[in-house]
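Let me begin by presenting the structure, written as structure tokens, before commenting on it.
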Amino acid sequence: MSTSCSNCLKTIPLEVFVLHEAHCVRFLSLCELCNVVVPKKLKLSHDETNHRLTECEFCCQKFEGKKLSLHKTSCKARPRPCLYCGAYFDLYTLINHEDTCGNRTEYCSSCGSYIIIKEYDEHIDLCILQDSLYPESLKQKPSSPHPAKKKLKKNTE
Ligand SMILES: [Zn+2]
Ligand SMILES: [Zn+2]
Ligand SMILES: [Zn+2]
Ligand SMILES: [Zn+2]
Ligand SMILES: [Zn+2]
């Protein structure tokens with residue numbers, strides 16, 4: 001015969017039940033949040049490490065210790081890097097930022113034109129490929145004495 005202890009919810013043999021219960025009530029307490037029996041002395045620190053609510057720094061929702069770190073990996077508001085410049089923004093700002101950032105232009109030194117950042121990587125591949133296929137086209141171009149200065153000019157299209 002056995003019965004369950006109302007304090008720790010464990011099943012206790014009847015012959016030691018009274019003894020157990022007296023001891024249990026005095027020293028142990030059941031954490032209602034995680035259903036774990038914790039020594040009363042440690043209950044405070046148990047709550048502190050497991051159930052204290054901490055605010056997510058990105059979305060300002062509150063989570064328990066362990067859940068917070070899990071949440072942070074999937075938090076929709078956590079900063080993500082811009083595809084084009086690599087700077088970090090929260091999701092809402094990022095959408096607006098990538099729109100303008102991706103439409104900036106970058107100077108291509110192989111063909112001497114300004115290329116929208118969105119298409120830059122693709123362009124460079126093509127540009128270099130063309131240069132290697134038609135190397136004489138390079139020689140026909142007038143070589144600029146200060147190629148670096150061109151980079152500072154605004155797109156004049
Ligand atoms: Zn008990
Ligand atoms: Zn707990
Ligand atoms: Zn969050
Ligand atoms: Zn950017
Ligand atoms: Zn080019």
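Convention: chains lettered A, B, ... in structure tokens order; per-chain residue numbering from 1; ligands numbered from 1 as shown.
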Using only C-alpha atoms and all ligand atoms, what are the residues with an atom within 10 Å of ligand 5, set out as a PDB file with C-alpha atoms, in the first residue's frame?
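Result went into out-v7.pdb, see below:
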ATOM      1  CA  GLU A 106      29.414  51.221 -56.362  1.00  0.00           C
ATOM      2  CA  TYR A 107      32.134  52.020 -58.868  1.00  0.00           C
ATOM      3  CA  CYS A 108      33.300  49.063 -60.955  1.00  0.00           C
ATOM      4  CA  SER A 109      36.959  49.531 -61.765  1.00  0.00           C
ATOM      5  CA  SER A 110      36.921  46.876 -64.508  1.00  0.00           C
ATOM      6  CA  CYS A 111      34.457  48.641 -66.778  1.00  0.00           C
ATOM      7  CA  GLY A 112      34.418  52.103 -65.238  1.00  0.00           C
ATOM      8  CA  SER A 113      30.692  52.325 -64.579  1.00  0.00           C
ATOM      9  CA  TYR A 114      28.569  52.696 -61.468  1.00  0.00           C
ATOM     10  CA  ILE A 115      26.650  49.586 -60.543  1.00  0.00           C
ATOM     11  CA  TYR A 120      27.259  44.446 -58.006  1.00  0.00           C
ATOM     12  CA  ASP A 121      28.396  40.905 -57.179  1.00  0.00           C
ATOM     13  CA  GLU A 122      26.711  39.553 -60.257  1.00  0.00           C
ATOM     14  CA  HIS A 123      28.121  42.373 -62.355  1.00  0.00           C
ATOM     15  CA  ILE A 124      31.692  41.878 -61.165  1.00  0.00           C
ATOM     16  CA  ASP A 125      31.568  38.216 -62.116  1.00  0.00           C
ATOM     17  CA  LEU A 126      30.316  39.084 -65.590  1.00  0.00           C
ATOM     18  CA  CYS A 127      32.679  41.997 -65.941  1.00  0.00           C
ATOM     19  CA  ILE A 128      35.755  39.982 -65.055  1.00  0.00           C
ATOM     20  CA  LEU A 129      34.599  37.175 -67.315  1.00  0.00           C
ATOM     21  CA  GLN A 130      34.216  39.588 -70.219  1.00  0.00           C
ATOM     22  CA  ASP A 131      37.617  41.092 -69.549  1.00  0.00           C
TER      23      ASP A 131
END
List all protein, DNA and RNA residues that have at least one atom no more than 9 Å from any atom of ligand 1, counting only C-alpha atoms and all ligand atoms, and write them as a ChimeraX atom specification.
/A:4-12,17,20-25,28-30,37
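Among the candidates A:Asp47, A:Asp99, A:Glu64, A:Glu119, the residue lying nearest to ligand 4 is A:Asp99 (atoms considered: only C-alpha atoms and all ligand atoms).
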Using only C-alpha atoms and all ligand atoms, which residues of the polymer chains come no farther than 12 Å from ligand 2? I'd like the answer as a ChimeraX atom specification.
/A:29-40,42-52,64-66
Cut-off 7 Å: closest chain A/ligand 4 atom pairs per residue, using only C-alpha atoms and all ligand atoms, as CSV:
residue,atom,partner,partner_atom_place_in_ligand_line,distance
A:Cys82,CA,ligand 4,1 (Zn),4.6
A:Leu83,CA,ligand 4,1 (Zn),6.5
A:Tyr84,CA,ligand 4,1 (Zn),4.9
A:Cys85,CA,ligand 4,1 (Zn),3.9
A:Gly86,CA,ligand 4,1 (Zn),6.0
A:Ala87,CA,ligand 4,1 (Zn),5.8
A:His97,CA,ligand 4,1 (Zn),6.0
A:Glu98,CA,ligand 4,1 (Zn),5.4
A:Cys101,CA,ligand 4,1 (Zn),4.6
A:Gly102,CA,ligand 4,1 (Zn),6.9
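Interatomic distance, atom CA of A:Pro81 to atom CA of A:Lys67: 24.1 Å.
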Please tabulate, as CSV, the residues of chain A that come within 7 Å of ligand 3, each with its closest pair of atoms and the distance in Å to one decimal, counting only C-alpha atoms and all ligand atoms and ordering rows by chain, then residue number upward.
residue,atom,partner,partner_atom_place_in_ligand_line,distance
A:Cys56,CA,ligand 3,1 (Zn),4.6
A:Glu57,CA,ligand 3,1 (Zn),6.5
A:Phe58,CA,ligand 3,1 (Zn),4.9
A:Cys59,CA,ligand 3,1 (Zn),4.0
A:Cys60,CA,ligand 3,1 (Zn),6.1
A:Gln61,CA,ligand 3,1 (Zn),5.9
A:His71,CA,ligand 3,1 (Zn),6.3
A:Lys72,CA,ligand 3,1 (Zn),5.6
A:Cys75,CA,ligand 3,1 (Zn),4.3
A:Lys76,CA,ligand 3,1 (Zn),6.5
A:Ala77,CA,ligand 3,1 (Zn),5.9
A:Arg78,CA,ligand 3,1 (Zn),6.5
Per DSSP on the backbone, filter chain A down to the residues in strand (DSSP E) and report them as a ChimeraX atom specification.
/A:2-4,11-13,28-31,36-39,53-55,62-64,80-81,88-89,105-108,113-116
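Pairwise distance (atom CA of A:Ser132, atom CA of A:Lys118) equals 23.3 Å.
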Using atom CA of A:Arg104 and atom CA of A:Ile117 as the two end points, give the distance in Å to one decimal.
5.8 Å
In stretch 2-155 of chain A, what's helix (DSSP H, G or I) per DSSP? Answer as a ChimeraX atom specification?
/A:14-27,40-50,65-74,91-101,117-133,136-140,147-150
Residues just named, written with C-alpha atoms as a compact mmCIF listing (two decimals), in the first residue's frame:
# COMPACT_ATOMS: atom_id res chain seq x y z
CA LEU A 14 2.16 3.82 3.69
CA GLU A 15 4.37 2.61 6.54
CA VAL A 16 6.77 5.56 6.15
CA PHE A 17 4.23 8.07 4.98
CA VAL A 18 3.77 9.96 8.24
CA LEU A 19 7.50 10.16 8.69
CA HIS A 20 8.02 11.24 5.12
CA GLU A 21 5.31 13.87 5.17
CA ALA A 22 6.60 15.49 8.31
CA HIS A 23 10.06 15.67 6.85
CA CYS A 24 8.85 16.65 3.41
CA VAL A 25 6.66 19.54 4.51
CA ARG A 26 9.46 20.86 6.63
CA PHE A 27 12.34 20.68 4.16
CA LYS A 40 13.13 24.88 0.77
CA LYS A 41 16.53 26.42 1.36
CA LEU A 42 17.19 26.43 -2.36
CA LYS A 43 13.75 27.46 -3.49
CA LEU A 44 14.68 31.13 -3.79
CA SER A 45 17.74 30.50 -5.87
CA HIS A 46 15.79 27.95 -7.89
CA ASP A 47 13.23 30.62 -8.72
CA GLU A 48 15.93 33.11 -9.42
CA THR A 49 17.77 30.96 -11.95
CA ASN A 50 14.76 29.27 -13.50
CA GLY A 65 15.92 32.41 -17.78
CA LYS A 66 16.22 29.32 -19.94
CA LYS A 67 13.41 30.32 -22.26
CA LEU A 68 14.96 33.69 -22.88
CA SER A 69 18.13 32.36 -24.48
CA LEU A 70 16.01 30.05 -26.60
CA HIS A 71 13.71 32.90 -27.52
CA LYS A 72 16.60 35.17 -28.49
CA THR A 73 17.70 32.80 -31.24
CA SER A 74 14.29 33.11 -32.86
CA LEU A 91 13.85 43.72 -38.70
CA TYR A 92 11.60 46.73 -39.24
CA THR A 93 14.46 49.16 -39.82
CA LEU A 94 16.29 46.61 -41.93
CA ILE A 95 13.51 46.34 -44.50
CA ASN A 96 13.61 50.09 -45.09
CA HIS A 97 17.36 50.23 -44.91
CA GLU A 98 18.02 47.42 -47.39
CA ASP A 99 15.73 49.14 -49.82
CA THR A 100 17.82 52.30 -49.88
CA CYS A 101 21.13 50.58 -49.21
CA ILE A 117 24.91 47.38 -55.09
CA LYS A 118 22.15 44.80 -55.49
CA GLU A 119 23.64 43.81 -58.83
CA TYR A 120 27.26 44.45 -58.01
CA ASP A 121 28.40 40.91 -57.18
CA GLU A 122 26.71 39.55 -60.26
CA HIS A 123 28.12 42.37 -62.36
CA ILE A 124 31.69 41.88 -61.17
CA ASP A 125 31.57 38.22 -62.12
CA LEU A 126 30.32 39.08 -65.59
CA CYS A 127 32.68 42.00 -65.94
CA ILE A 128 35.75 39.98 -65.06
CA LEU A 129 34.60 37.17 -67.32
CA GLN A 130 34.22 39.59 -70.22
CA ASP A 131 37.62 41.09 -69.55
CA SER A 132 39.23 37.70 -69.68
CA LEU A 133 37.32 36.81 -72.86
CA GLU A 136 41.91 43.85 -75.91
CA SER A 137 38.84 45.86 -74.90
CA LEU A 138 40.80 46.92 -71.83
CA LYS A 139 43.59 48.40 -73.92
CA GLN A 140 41.18 50.56 -75.93
CA PRO A 147 41.62 56.10 -60.88
CA ALA A 148 41.06 56.41 -57.16
CA LYS A 149 39.49 59.86 -57.50
CA LYS A 150 36.71 58.49 -59.69
